[in-house]
Every structure is written in C-alpha cells, then in structure tokens.
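This report refers to the structure that appears directly beneath it.
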Amino acid sequence: MIALGCDHGGFELMQEVKAHLTEKGVEFRDFGTDSTEATDYPIYAKRVAKAVLSGECEKGILICGTGIGISITANKFKGIRCAVCHDVFSAEATRQHNDANVLAMGGRVVGPGLALMIVDTFLNTEFSNAPRHINRIRQMETEEE
Ligand code: RB5
C-alpha cells in the first residue's frame, strides 16, 4: 500500500501518478488534496508520514509545487526518509543508499513522463542492505557524530 499526498501545486501530477499506479495494479491510499484549490502542503505531508510510520503504508509519494516544502515537513518525523527526486538516478540511489521511504516531487518541476519513470524506479528498487548504508542511516537518527 502506497500513501499519496499532494497540495494544489502537485494535484495535477498526482492524478497522473494515481492513474499509473491503478494501471500497474499498485494499491494506494489517497490522503488528498482533492482539487487545485489552494491549500497547505504540511497537512498532506503529515498524513502520509503518519501512514508510513504506523505501517499502514510501506512507502509514500508526496507532490507539491517544488517537492521541497512537503519533503521538509515529512522529514520532521523521526523514521521518515523523504527524498526529493527529479531524475531517475536519484530515485534509484536514494532507495539503494538511503532506504528512502517517501518520494517527493515538484509538480511544477517535472512533467508526467519523467515523473512516472521516477515513481516506478522508486517503488521497484530495493535497499542495498550494505552495512555502510545501514550505519549511515542509523547516524541520521542522532545528533552525535
Ligand atoms: C504552493 O504555492 C507552493 O509553495 C508549494 O506547492 C510548494 O512548492 C512548497 O514548497
């Protein structure tokens, strides 16, 4: 189950993502927004972060205008590793190296063709499980060096 959240800046791209996931048979839960009416991206970032942390959803996808505000909000939650990706290389690397559990994109930055490739890469790439990456992820969770 994939948790989806967007604001007005990401709404149109999210419709493309939803149609794509439906076509691929990937289950998702839509946490809004449900129109292009102006709203506040933290609302949706928080809903998706909570759904991932509770285990209800294994990963999340967040879209705002830039991908930035919504990712900053999601990353306030301990255990959320949200990566803004606007290229396929980053989407693959953040899964392999960071075990990112939430993808963020900007609906005003990427078109649907590239965005759907990024989504597929993010959802289909496994974490490497390499000890150095496990160790670095552990280090993210503490202020100690
Ligand atoms: C909304 O205008 C815009 O600020 C938002 O979608 C996002 O880009 C914030 O980071």
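Following the order of the structure tokens, first chain is A, next is B, and so on, with residues numbered from 1 inside each chain and ligands from 1 in the order they appear.
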
Nearby residues, ligand 1, 7 Å, only C-alpha atoms and all ligand atoms, as a PyMOL selection string: chain A and resi 7-10+41+64-70+106

Atoms to include: C-alpha atoms. Write the selected residues as an mmCIF file, in the first residue's frame.
```cif
data_model
loop_
_atom_site.group_PDB
_atom_site.id
_atom_site.type_symbol
_atom_site.label_atom_id
_atom_site.label_comp_id
_atom_site.auth_asym_id
_atom_site.auth_seq_id
_atom_site.Cartn_x
_atom_site.Cartn_y
_atom_site.Cartn_z
ATOM 1 C CA ASP A 7 -1.152 20.129 -2.361
ATOM 2 C CA HIS A 8 -2.662 22.245 -5.145
ATOM 3 C CA GLY A 9 0.750 22.582 -6.797
ATOM 4 C CA GLY A 10 1.008 18.818 -7.087
ATOM 5 C CA TYR A 41 1.203 21.203 1.977
ATOM 6 C CA CYS A 64 3.785 19.932 -4.059
ATOM 7 C CA GLY A 65 4.873 22.665 -6.444
ATOM 8 C CA THR A 66 8.573 22.079 -5.906
ATOM 9 C CA GLY A 67 8.681 18.934 -3.778
ATOM 10 C CA ILE A 68 10.618 20.935 -1.211
ATOM 11 C CA GLY A 69 8.124 22.163 1.385
ATOM 12 C CA ILE A 70 6.303 18.866 1.509
ATOM 13 C CA GLY A 106 7.508 19.029 -7.712
#
```

Glu145 of chain A: which residues within 12 Å, counting only C-alpha atoms, same-chain residues fewer than 5 positions away excluded, as a ChimeraX atom specification? /A:135-136,138-140

Would you mind listing what lies within 9 Å of Phe31 of chain A as a VMD selection string, with only C-alpha atoms counted and same-chain residues fewer than 3 positions away left out? chain A and resid 3 to 6 34 44 47 to 48

Deliver the residues from the most recent selection as a file, using N, CA, C and O atoms, as a CSV table (one decimal), in the first residue's frame.
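Result saved to result00.csv:
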```csv
chain,number,residue,atom,x,y,z
A,3,ALA,N,1.1,5.4,0.3
A,3,ALA,CA,0.4,6.6,0.7
A,3,ALA,C,0.7,7.7,-0.2
A,3,ALA,O,1.8,8.0,-0.5
A,4,LEU,N,-0.4,8.4,-0.6
A,4,LEU,CA,-0.2,9.5,-1.6
A,4,LEU,C,-0.7,10.8,-0.9
A,4,LEU,O,-1.8,10.9,-0.3
A,5,GLY,N,0.0,11.9,-1.1
A,5,GLY,CA,-0.4,13.2,-0.6
A,5,GLY,C,0.2,14.3,-1.5
A,5,GLY,O,1.3,14.2,-2.0
A,6,CYS,N,-0.7,15.3,-1.7
A,6,CYS,CA,-0.2,16.5,-2.5
A,6,CYS,C,-0.9,17.7,-2.1
A,6,CYS,O,-2.0,17.7,-1.4
A,34,ASP,N,-7.8,17.2,-2.8
A,34,ASP,CA,-8.7,16.6,-3.9
A,34,ASP,C,-9.1,17.6,-4.9
A,34,ASP,O,-10.1,17.4,-5.6
A,44,TYR,N,-0.8,17.4,4.2
A,44,TYR,CA,-0.7,16.1,3.5
A,44,TYR,C,0.6,15.4,3.8
A,44,TYR,O,0.6,14.2,3.8
A,47,ARG,N,0.0,13.6,7.1
A,47,ARG,CA,-0.9,12.4,6.9
A,47,ARG,C,-0.1,11.2,6.3
A,47,ARG,O,-0.2,10.1,6.8
A,48,VAL,N,0.7,11.5,5.3
A,48,VAL,CA,1.5,10.5,4.6
A,48,VAL,C,2.6,10.0,5.6
A,48,VAL,O,2.8,8.7,5.7
```

Considering only C-alpha atoms, give me a table of residues in segment 94-127 of chain A that are at most 10 Å from segment 51-59 of chain A, with the closest atom pair and distance in Å for each, as CSV.
```
residue,atom,partner,partner_atom,distance
A:Ala100,CA,A:Lys59,CA,8.5
A:Asn101,CA,A:Lys59,CA,5.0
A:Val102,CA,A:Lys59,CA,5.6
A:Leu103,CA,A:Lys59,CA,8.1
A:Phe122,CA,A:Lys59,CA,9.5
A:Leu123,CA,A:Lys59,CA,8.0
```

Give the alpha helix (DSSP H) residues of segment 18-84 of chain A, as assigned by DSSP on the backbone, as a list in words. Lys18, Ala19, His20, Leu21, Thr22, Glu23, Lys24, Tyr41, Pro42, Ile43, Tyr44, Ala45, Lys46, Arg47, Val48, Ala49, Lys50, Ala51, Val52, Leu53, Ser54, Ile68, Gly69, Ile70, Ser71, Ile72, Thr73 and Ala74 of chain A

Select from segment 1-51 of chain A everything DSSP, run on the backbone, classes as strand (DSSP E), then give the selection as JSON, numbers by chain. {"A": [2, 3, 4, 5, 6, 28, 29, 30]}

As an exercise, work out the distance from atom CA of Ile61 of chain A to atom CA of Glu141 of chain A in Å and give it to one decimal place.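 Computing the Euclidean distance for atom CA of Ile61 of chain A and atom CA of Glu141 of chain A yields 21.5 Å.
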
Figure out the distance between atom CA of Ala49 of chain A and atom CA of Asn75 of chain A, please, to one decimal in Å. 8.3 Å

Residues near segment 26-29 of chain A, anyone? I mean within 6 Å using only C-alpha atoms, not counting same-chain ones fewer than 5 positions away, as a PDB file with N, CA, C and O atoms, in the first residue's frame.
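The result, written out as selection04.pdb:
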```pdb
ATOM      1  N   MET A   1       0.852  -1.192   0.000  1.00  0.00           N
ATOM      2  CA  MET A   1       0.000   0.000   0.000  1.00  0.00           C
ATOM      3  C   MET A   1       0.892   1.248   0.000  1.00  0.00           C
ATOM      4  O   MET A   1       1.796   1.372   0.816  1.00  0.00           O
ATOM      5  N   ILE A   2       0.601   2.150  -0.913  1.00  0.00           N
ATOM      6  CA  ILE A   2       1.393   3.373  -1.047  1.00  0.00           C
ATOM      7  C   ILE A   2       0.530   4.551  -0.593  1.00  0.00           C
ATOM      8  O   ILE A   2      -0.619   4.692  -1.035  1.00  0.00           O
ATOM      9  N   ALA A   3       1.097   5.392   0.266  1.00  0.00           N
ATOM     10  CA  ALA A   3       0.390   6.587   0.738  1.00  0.00           C
ATOM     11  C   ALA A   3       0.682   7.747  -0.205  1.00  0.00           C
ATOM     12  O   ALA A   3       1.845   8.008  -0.528  1.00  0.00           O
ATOM     13  N   LEU A  21      -0.511   4.133 -11.208  1.00  0.00           N
ATOM     14  CA  LEU A  21      -0.490   3.074 -10.188  1.00  0.00           C
ATOM     15  C   LEU A  21      -1.686   2.142 -10.376  1.00  0.00           C
ATOM     16  O   LEU A  21      -1.558   0.918 -10.226  1.00  0.00           O
TER      17      LEU A  21
END
```
